[in-house]
Structure formats: C-alpha cells, structure tokens
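Colleague: Data file data-v2.tsv (TSV, C-alpha atoms) is appended below.
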chain	number	residue	atom	x	y	z
A	1	MET	CA	1.63	99.96	-38.52
A	2	LEU	CA	0.71	98.43	-41.90
A	3	LEU	CA	3.17	96.06	-43.55
A	4	VAL	CA	3.35	95.81	-47.30
A	5	HIS	CA	4.81	92.73	-49.01
A	6	ALA	CA	5.75	92.45	-52.66
A	7	ASP	CA	5.39	89.23	-54.59
A	8	LEU	CA	7.57	88.10	-57.44
A	9	GLN	CA	5.44	89.93	-60.08
A	10	GLY	CA	5.68	93.26	-58.32
A	11	ARG	CA	2.22	93.30	-56.87
A	12	ARG	CA	1.83	94.46	-53.34
A	13	ARG	CA	-0.41	92.99	-50.70
A	14	ALA	CA	-1.23	94.12	-47.26
A	15	ALA	CA	-0.58	91.95	-44.21
A	16	GLY	CA	-2.06	92.22	-40.83
A	17	PRO	CA	-0.20	92.39	-37.56
A	18	ALA	CA	2.32	89.54	-36.86
A	19	SER	CA	0.70	86.50	-35.27
A	20	ALA	CA	1.76	85.32	-31.85
A	21	PRO	CA	4.13	82.31	-31.76
A	22	ARG	CA	2.38	78.86	-31.40
A	23	VAL	CA	2.80	77.12	-28.14
A	24	VAL	CA	3.76	73.44	-28.51
A	25	GLU	CA	1.78	71.37	-26.05
A	26	VAL	CA	3.74	68.45	-24.71
A	27	ILE	CA	1.63	65.54	-23.47
A	28	HIS	CA	3.31	63.26	-21.04
A	29	THR	CA	1.81	59.75	-20.98
A	30	GLU	CA	3.03	57.76	-18.00
A	31	ARG	CA	3.44	54.01	-18.67
A	32	PRO	CA	1.93	51.57	-16.15
A	33	ARG	CA	4.51	50.81	-13.57
A	34	ASP	CA	5.68	47.20	-13.10
A	35	LEU	CA	5.53	46.81	-9.34
A	36	HIS	CA	7.90	43.85	-9.37
A	37	ARG	CA	10.43	45.20	-11.89
A	38	ASP	CA	12.61	46.99	-9.37
A	39	ALA	CA	12.53	43.95	-7.06
A	40	ARG	CA	13.63	41.68	-9.90
A	41	ARG	CA	16.47	44.03	-10.83
A	42	ARG	CA	17.65	44.18	-7.24
A	43	ARG	CA	17.55	40.33	-6.90
A	44	GLY	CA	19.75	39.74	-9.92
A	45	PRO	CA	19.79	36.70	-12.23
A	46	PHE	CA	21.44	34.36	-9.72
A	47	ARG	CA	18.68	34.74	-7.15
A	48	GLN	CA	15.95	34.66	-9.81
A	49	ILE	CA	17.16	31.24	-10.98
A	50	THR	CA	17.33	29.79	-7.46
A	51	GLU	CA	13.84	31.09	-6.65
A	52	PHE	CA	12.48	29.65	-9.91
A	53	ALA	CA	14.10	26.29	-9.16
A	54	SER	CA	12.56	26.21	-5.70
A	55	ALA	CA	9.09	27.11	-7.01
A	56	SER	CA	9.23	24.54	-9.83
A	57	GLY	CA	10.11	21.67	-7.50
A	58	ILE	CA	13.72	20.90	-8.49
A	59	GLY	CA	15.06	22.21	-5.22
A	60	GLN	CA	17.15	25.14	-4.09
A	61	LYS	CA	20.49	23.30	-4.42
A	62	ALA	CA	19.73	22.37	-8.00
A	63	GLY	CA	18.82	25.99	-8.70
A	64	VAL	CA	22.14	27.19	-7.32
A	65	ALA	CA	23.94	24.72	-9.56
A	66	LEU	CA	21.99	25.90	-12.60
A	67	ALA	CA	22.70	29.52	-11.88
A	68	ALA	CA	26.39	28.81	-11.36
A	69	THR	CA	26.64	27.17	-14.79
A	70	GLY	CA	25.07	30.20	-16.46
A	71	LEU	CA	21.90	28.42	-17.61
A	72	VAL	CA	19.66	31.42	-17.16
A	73	LEU	CA	17.23	31.31	-20.04
A	74	THR	CA	16.45	27.59	-20.30
A	75	VAL	CA	16.07	25.21	-17.40
A	76	THR	CA	15.02	21.56	-17.85
A	77	VAL	CA	12.96	20.21	-14.97
A	78	PRO	CA	10.88	17.04	-14.63
A	79	ALA	CA	7.25	18.06	-14.84
A	80	THR	CA	3.95	16.65	-15.97
A	81	SER	CA	2.78	19.98	-17.36
A	82	PRO	CA	4.64	22.88	-19.05
A	83	VAL	CA	6.47	25.21	-16.68
A	84	MET	CA	7.07	28.77	-17.79
A	85	ALA	CA	10.14	30.75	-16.78
A	86	THR	CA	11.17	34.32	-17.51
A	87	ASP	CA	14.44	35.44	-18.96
A	88	GLU	CA	17.03	37.53	-17.15
A	89	ALA	CA	15.15	40.79	-17.66
A	90	GLY	CA	11.77	39.27	-16.82
A	91	ILE	CA	10.32	40.10	-20.25
A	92	ALA	CA	9.69	37.11	-22.47
A	93	PRO	CA	8.34	33.82	-21.08
A	94	VAL	CA	10.44	30.81	-22.01
A	95	ALA	CA	9.29	27.20	-21.90
A	96	ALA	CA	11.26	25.47	-19.17
A	97	SER	CA	10.17	21.84	-19.28
A	98	ALA	CA	11.29	19.00	-21.47
A	99	VAL	CA	8.84	16.11	-21.72
A	100	THR	CA	10.54	12.84	-22.55
A	101	PRO	CA	8.52	10.95	-25.15
A	102	GLN	CA	7.29	7.56	-23.94
A	103	PRO	CA	7.76	4.47	-26.12
A	104	ALA	CA	4.65	3.06	-27.75
A	105	ILE	CA	3.36	-0.14	-26.15
A	106	SER	CA	1.37	-2.64	-28.14
A	107	ALA	CA	0.30	-6.27	-27.84
A	108	GLU	CA	-1.15	-8.89	-30.09
A	109	ALA	CA	-4.90	-9.41	-30.01
A	110	GLY	CA	-5.81	-11.93	-27.34
A	111	ALA	CA	-2.37	-11.78	-25.71
A	112	GLN	CA	-2.24	-12.75	-22.03
A	113	ILE	CA	-0.64	-10.14	-19.80
A	114	ASP	CA	0.65	-11.28	-16.42
A	115	PHE	CA	1.45	-8.80	-13.68
A	116	SER	CA	3.59	-10.86	-11.33
A	117	ARG	CA	4.03	-9.69	-7.76
A	118	SER	CA	5.64	-11.04	-4.64
A	119	ALA	CA	3.49	-12.90	-2.16
A	120	VAL	CA	2.26	-10.65	0.63
A	121	VAL	CA	1.58	-12.32	3.96
A	122	THR	CA	-0.56	-10.48	6.49
A	123	GLN	CA	-2.62	-11.34	9.53
A	124	ALA	CA	-5.63	-11.60	7.20
A	125	ASP	CA	-3.90	-14.47	5.36
A	126	PRO	CA	-3.43	-17.20	8.00
A	127	ASP	CA	-2.76	-19.94	5.42
A	128	GLY	CA	0.03	-17.81	3.96
A	129	LYS	CA	1.39	-17.22	7.44
A	130	LEU	CA	1.40	-20.93	8.25
A	131	LYS	CA	3.06	-21.78	4.94
A	132	GLN	CA	5.74	-19.18	5.59
A	133	LEU	CA	6.35	-20.50	9.10
A	134	LEU	CA	6.77	-24.08	7.89
A	135	SER	CA	8.53	-23.43	4.58
A	136	ALA	CA	12.10	-23.34	5.90
A	137	GLN	CA	11.96	-24.99	9.32
A	138	SER	CA	10.37	-27.78	11.32
A	139	ALA	CA	7.24	-27.01	13.29
A	140	GLY	CA	9.26	-27.76	16.42
A	141	ALA	CA	11.44	-24.68	15.77
A	142	VAL	CA	8.49	-22.30	15.56
A	143	SER	CA	8.04	-20.13	18.65
A	144	ARG	CA	4.70	-19.82	20.38
A	145	ALA	CA	4.58	-16.11	19.57
A	146	ALA	CA	5.11	-16.82	15.86
A	147	SER	CA	2.59	-19.69	15.69
A	148	ALA	CA	-0.27	-17.84	17.38
A	149	GLY	CA	-3.22	-17.44	15.01
A	150	SER	CA	-1.78	-19.63	12.26
A	151	LEU	CA	-4.43	-22.36	12.73
A	152	GLY	CA	-8.15	-21.78	12.33
A	153	ALA	CA	-10.87	-22.73	14.82
A	154	PRO	CA	-12.15	-26.31	14.36
A	155	LEU	CA	-15.66	-25.20	15.35
A	156	ALA	CA	-17.74	-22.20	14.35
A	157	SER	CA	-18.32	-21.46	18.04
A	158	MET	CA	-15.48	-22.13	20.48
A	159	SER	CA	-16.13	-22.78	24.17
A	160	THR	CA	-13.54	-24.71	26.21
A	161	ALA	CA	-14.81	-27.66	28.23
A	162	SER	CA	-11.44	-29.04	29.38
A	163	PRO	CA	-7.97	-27.53	28.74
A	164	PHE	CA	-4.71	-29.13	27.64
A	165	GLY	CA	-2.46	-30.58	30.36
A	166	TYR	CA	-2.83	-32.41	33.66
A	167	ARG	CA	-6.33	-32.75	35.11
A	168	VAL	CA	-8.67	-35.02	37.06
A	169	SER	CA	-9.80	-37.82	34.74
A	170	PRO	CA	-13.52	-37.55	33.87
A	171	ILE	CA	-13.52	-41.32	33.29
A	172	THR	CA	-11.76	-42.66	36.40
A	173	GLY	CA	-11.87	-39.62	38.69
A	174	GLY	CA	-8.17	-40.02	39.41
A	175	SER	CA	-5.76	-37.08	39.53
A	176	GLY	CA	-2.66	-36.71	37.38
A	177	ASP	CA	-4.40	-37.55	34.11
A	178	PHE	CA	-2.62	-35.88	31.20
A	179	HIS	CA	-5.08	-34.44	28.72
A	180	ARG	CA	-3.47	-34.55	25.26
A	181	GLY	CA	-5.68	-31.94	23.62
A	182	GLN	CA	-8.34	-29.32	24.17
A	183	ASP	CA	-12.02	-30.20	24.62
A	184	TYR	CA	-14.61	-27.85	23.14
A	185	VAL	CA	-18.34	-27.83	23.77
A	186	ALA	CA	-20.23	-29.15	20.72
A	187	GLN	CA	-23.60	-30.80	20.38
A	188	CYS	CA	-23.51	-34.12	18.55
A	189	GLY	CA	-23.74	-33.53	14.80
A	190	THR	CA	-21.94	-30.15	14.86
A	191	SER	CA	-19.73	-29.48	11.83
A	192	VAL	CA	-16.02	-30.00	12.54
A	193	LEU	CA	-13.74	-27.81	10.41
A	194	ALA	CA	-10.20	-28.32	9.09
A	195	ALA	CA	-7.86	-25.99	10.98
A	196	ALA	CA	-5.69	-25.40	7.89
A	197	THR	CA	-4.97	-26.70	4.42
A	198	GLY	CA	-3.47	-30.18	4.41
A	199	THR	CA	-3.76	-33.85	3.51
A	200	VAL	CA	-5.95	-36.32	5.41
A	201	THR	CA	-3.67	-39.13	6.61
A	202	PHE	CA	-6.06	-41.07	8.89
A	203	VAL	CA	-9.80	-41.67	9.03
A	204	GLY	CA	-11.05	-44.37	11.41
A	205	TRP	CA	-11.17	-45.69	14.94
A	206	HIS	CA	-8.59	-44.61	17.48
A	207	GLN	CA	-7.83	-47.49	19.83
A	208	PHE	CA	-6.55	-45.29	22.68
A	209	GLY	CA	-9.81	-43.58	23.53
A	210	GLY	CA	-10.22	-41.09	20.72
A	211	GLY	CA	-13.12	-42.95	19.14
A	212	ASN	CA	-13.78	-41.91	15.54
A	213	ARG	CA	-10.77	-39.83	14.56
A	214	VAL	CA	-9.49	-37.73	11.64
A	215	VAL	CA	-5.81	-36.71	11.27
A	216	ILE	CA	-4.66	-33.97	8.88
A	217	ASP	CA	-0.99	-33.43	7.95
A	218	HIS	CA	-0.12	-29.75	7.31
A	219	GLY	CA	3.53	-30.33	6.43
A	220	ASN	CA	6.93	-30.00	8.13
A	221	GLY	CA	5.89	-32.01	11.18
A	222	LEU	CA	2.60	-30.21	11.96
A	223	GLU	CA	-0.59	-32.30	12.34
A	224	THR	CA	-4.07	-31.75	13.78
A	225	THR	CA	-6.45	-34.45	15.03
A	226	TYR	CA	-10.24	-34.42	15.57
A	227	ASN	CA	-11.70	-36.98	17.98
A	228	HIS	CA	-14.94	-38.50	19.37
A	229	LEU	CA	-16.64	-37.91	15.99
A	230	SER	CA	-20.04	-39.27	15.06
A	231	SER	CA	-19.32	-39.47	11.30
A	232	PHE	CA	-16.73	-38.60	8.64
A	233	ASN	CA	-16.91	-36.27	5.64
A	234	VAL	CA	-13.44	-37.02	4.21
A	235	SER	CA	-11.30	-39.98	3.24
A	236	GLU	CA	-7.60	-40.80	3.54
A	237	GLY	CA	-5.39	-39.07	0.96
A	238	GLN	CA	-7.87	-36.25	0.37
A	239	THR	CA	-6.61	-32.66	0.29
A	240	VAL	CA	-8.67	-30.25	2.37
A	241	SER	CA	-8.64	-26.49	2.78
A	242	ARG	CA	-8.97	-24.38	5.89
A	243	GLY	CA	-12.61	-24.33	7.02
A	244	ASP	CA	-13.72	-27.45	5.10
A	245	VAL	CA	-16.13	-29.72	7.00
A	246	VAL	CA	-14.19	-32.92	7.73
A	247	ALA	CA	-16.62	-34.61	10.16
A	248	LEU	CA	-19.48	-34.20	12.61
A	249	SER	CA	-18.93	-34.12	16.37
A	250	GLY	CA	-20.06	-36.95	18.62
A	251	THR	CA	-19.26	-38.88	21.80
A	252	THR	CA	-17.51	-42.02	20.56
A	253	GLY	CA	-14.54	-43.61	22.40
A	254	ALA	CA	-13.55	-42.56	25.93
A	255	SER	CA	-16.11	-39.78	26.21
A	256	THR	CA	-18.70	-38.71	28.78
A	257	GLY	CA	-20.78	-36.59	26.40
A	258	CYS	CA	-20.93	-34.82	23.04
A	259	HIS	CA	-17.86	-32.64	22.46
A	260	LEU	CA	-14.81	-32.24	20.22
A	261	HIS	CA	-11.34	-33.28	21.38
A	262	PHE	CA	-8.87	-31.29	19.28
A	263	GLU	CA	-5.12	-31.97	19.22
A	264	VAL	CA	-2.08	-30.28	17.68
A	265	GLN	CA	0.99	-32.46	17.16
A	266	VAL	CA	4.50	-31.22	16.34
A	267	ASN	CA	6.86	-33.93	15.12
A	268	GLY	CA	4.61	-36.54	16.72
A	269	GLU	CA	4.40	-34.82	20.12
A	270	VAL	CA	1.23	-33.12	21.34
A	271	VAL	CA	1.43	-29.41	22.23
A	272	ASP	CA	-1.04	-26.94	23.68
A	273	PRO	CA	-3.48	-26.08	20.84
A	274	THR	CA	-3.96	-22.56	22.20
A	275	GLY	CA	-0.40	-21.76	21.10
A	276	TRP	CA	-1.48	-22.19	17.44
A	277	LEU	CA	-5.10	-20.97	17.48
Would you mind writing the file out in structure tokens?
Modeller:
Amino acid sequence: MLLVHADLQGRRRAAGPASAPRVVEVIHTERPRDLHRDARRRRGPFRQITEFASASGIGQKAGVALAATGLVLTVTVPATSPVMATDEAGIAPVAASAVTPQPAISAEAGAQIDFSRSAVVTQADPDGKLKQLLSAQSAGAVSRAASAGSLGAPLASMSTASPFGYRVSPITGGSGDFHRGQDYVAQCGTSVLAAATGTVTFVGWHQFGGGNRVVIDHGNGLETTYNHLSSFNVSEGQTVSRGDVVALSGTTGASTGCHLHFEVQVNGEVVDPTGWL
C-alpha cells in the first residue's frame, strides 16, 4: 500500500513503508567491586575506630574510649610520621596525627655546654668502687665480699711466695710466726705499683724488719704498705694514682731474697690482702 502525505502548501509526496521501531541498546557497565566494603559496613564505626587505634599504636583501650566519645573522623595519636585514617564510610582519607612543634634551641657562639650525668660505678671502675665503699663508712665496716677487687695488683705479675697469717719463720725457723702481709715473687728492681689512688704518708726505713718501706693512705682508715724495696720513686705527701710506680722491689730488712711484702691495713690493723685484691 502506498501512503500519500500532504504538506502545508498542498503538495503531495509519496512515503515508503513504515520503518521498524528502533531498539534502544542498554549497556550495563559494572563498577569494580570493593572487596573490603561489605566487611567495613558489617564492622560498623565502633569497631573500625578500635582497629585503627590498635594498628596506629595507641592501644585497644584508647581506641574504645575514642569510639565511645564519638571521635570518628579525627583521632590524635603520638607519631613521628603522618598517620592516615578513613572516615566512617571508608571513603576519604583524613590526617590523624598532630605533631607538636618543638621550641627552637640556640646558643651563643663559643658557649660551653655541659651534659651532667650521675657517676656510674661498675666492675671496670675499681677506683670508683673503692671511693664508693669508703665514702660513707670506715674501712673496718666494709665486708670482704664488698671489698674484693677494689685494690689493684702491686706487681704486673702476681705469684704468691708466702701467704698472710701464721707460718714457720723463714728467718728463725720457729713456728707460730705471724706474717703481717702477703709475699709475692719479684726479682730485685721490679716495678712496684700503687694499689689505688692515695697520698704517700711514709717513705723510709722500717725498723721492724720491713726494710725500705712506702705507705699510702687511701682514706677512711685504709692503707697499703710496700716493703723490702731497693729504691723509691715517690716522696712523702705526694698524691699517686692506681698503677703508678712507687718503688722498685728488693731484699732490704728482714728478708731472705728478692720479693715484695705487701700489706693492707684497716684502721691500723693488718688484714688479709687477698680480701681486697
């Protein structure tokens, strides 16, 4: 069938068969799925805040407190670098750290800066240990366990020739002789060392058999003596430090050969030197 249309001016024009209706094509574009979105929605804001607090280092209890107060979007935590948090819907990142500005520090040119610290006494600081032992008490009140190791060796090489206490006298051969110190093997001319820091109070001849003798006062009733010496390296009144050479060993006085007789005196009374060495 032929259709005839008339325009406004009366002309006629032919038209072909009616065209088929256009089919609208609908394109469905699927958005990328957020794998964690459903999990976040199920957790809820309260749990999100507590988990964030735990991950950022402020602790779970602090996170519970933050969530309870309704501080969901902004959380202030101590941090050295910015920490990012998400809002309730997990969309926009929000800065979560507040860095406290530090005051400016300046000093005049050439200023002396002193970092004071408390004295630390360890086994590697025997002078400090001895000073601490004697600072608040007499040497007589110091226990043997506490005094052990507080005095240094009077010789570089220590080998006992005769111990402290009762013995057979090497001079008379009689028994019951009380030996007032400790004898150590030392060739004549061997360096004799100060056992600790102190003041030299005697340099000279000991009339009771010690021969050439040096006495050092270490304070609070503690003294050390060095006997049978061949020569002196110090004088009375001189301050010496641990390890200083105070004399050379010999065989003067009541001696049968070259050696060092070393004594430790506490409040004027001799004690076993091994309790201090």
Colleague: Go through A:Ser241, A:Ser230, A:Glu263, A:Val270 one by one, measure the shortest atom-to-atom distance of each to Gly189 (chain A) using all atoms listed in the file, and give the residue with the smallest value.
Modeller: A:Ser230
Colleague: As an exercise, work out the distance from CA of Ala141 (chain A) to CA of Val271 (chain A) in Å and give it to one decimal place.
Modeller: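 Separating CA of Ala141 (chain A) from CA of Val271 (chain A) is a distance of 12.8 Å.
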Colleague: Residues within 9 Å of region 150-155 of chain A, please, as a PDB file with C-alpha atoms, keeping the file's coordinate frame. Count only C-alpha atoms; anything in the same chain fewer than 4 positions from it doesn't count.
Modeller:
ATOM      1  CA  GLN A 123      -2.620 -11.340   9.530  1.00  0.00           C
ATOM      2  CA  ASP A 125      -3.900 -14.470   5.360  1.00  0.00           C
ATOM      3  CA  PRO A 126      -3.430 -17.200   8.000  1.00  0.00           C
ATOM      4  CA  ASP A 127      -2.760 -19.940   5.420  1.00  0.00           C
ATOM      5  CA  GLY A 128       0.030 -17.810   3.960  1.00  0.00           C
ATOM      6  CA  LYS A 129       1.390 -17.220   7.440  1.00  0.00           C
ATOM      7  CA  LEU A 130       1.400 -20.930   8.250  1.00  0.00           C
ATOM      8  CA  LEU A 133       6.350 -20.500   9.100  1.00  0.00           C
ATOM      9  CA  ALA A 146       5.110 -16.820  15.860  1.00  0.00           C
ATOM     10  CA  TYR A 184     -14.610 -27.850  23.140  1.00  0.00           C
ATOM     11  CA  ALA A 186     -20.230 -29.150  20.720  1.00  0.00           C
ATOM     12  CA  THR A 190     -21.940 -30.150  14.860  1.00  0.00           C
ATOM     13  CA  SER A 191     -19.730 -29.480  11.830  1.00  0.00           C
ATOM     14  CA  VAL A 192     -16.020 -30.000  12.540  1.00  0.00           C
ATOM     15  CA  LEU A 193     -13.740 -27.810  10.410  1.00  0.00           C
ATOM     16  CA  ALA A 194     -10.200 -28.320   9.090  1.00  0.00           C
ATOM     17  CA  ALA A 195      -7.860 -25.990  10.980  1.00  0.00           C
ATOM     18  CA  ALA A 196      -5.690 -25.400   7.890  1.00  0.00           C
ATOM     19  CA  TYR A 226     -10.240 -34.420  15.570  1.00  0.00           C
ATOM     20  CA  ARG A 242      -8.970 -24.380   5.890  1.00  0.00           C
ATOM     21  CA  GLY A 243     -12.610 -24.330   7.020  1.00  0.00           C
ATOM     22  CA  LEU A 260     -14.810 -32.240  20.220  1.00  0.00           C
ATOM     23  CA  PHE A 262      -8.870 -31.290  19.280  1.00  0.00           C
ATOM     24  CA  PRO A 273      -3.480 -26.080  20.840  1.00  0.00           C
ATOM     25  CA  TRP A 276      -1.480 -22.190  17.440  1.00  0.00           C
ATOM     26  CA  LEU A 277      -5.100 -20.970  17.480  1.00  0.00           C
TER      27      LEU A 277
END
Colleague: Here is a test: counting only C-alpha atoms, which residue of A:Leu222, A:Val203, A:Ala156, A:Ala145 is nearest to Gly268 (chain A)?
Modeller: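 Using only C-alpha atoms, the shortest distance to Gly268 (chain A) belongs to A:Leu222.
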Colleague: Please determine, counting all atoms listed in the file, which residue among A:Thr201, A:Asn220, A:Thr274, A:Gln132 has the shortest atom-to-atom distance to Met158 (chain A).
Modeller: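 So, comparing all the options, the nearest one is A:Thr274.
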Colleague: Please, what distance in Å, to one decimal, runs between CA of Ala247 (chain A) and CA of Gly210 (chain A)?
Modeller: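 Calculated distance between CA of Ala247 (chain A) and CA of Gly210 (chain A) is 13.9 Å.
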Colleague: What is the CA of Gly174 (chain A) to CA of Gly257 (chain A) distance in Å?
Modeller: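 Here the two named atoms are 18.4 Å from each other.
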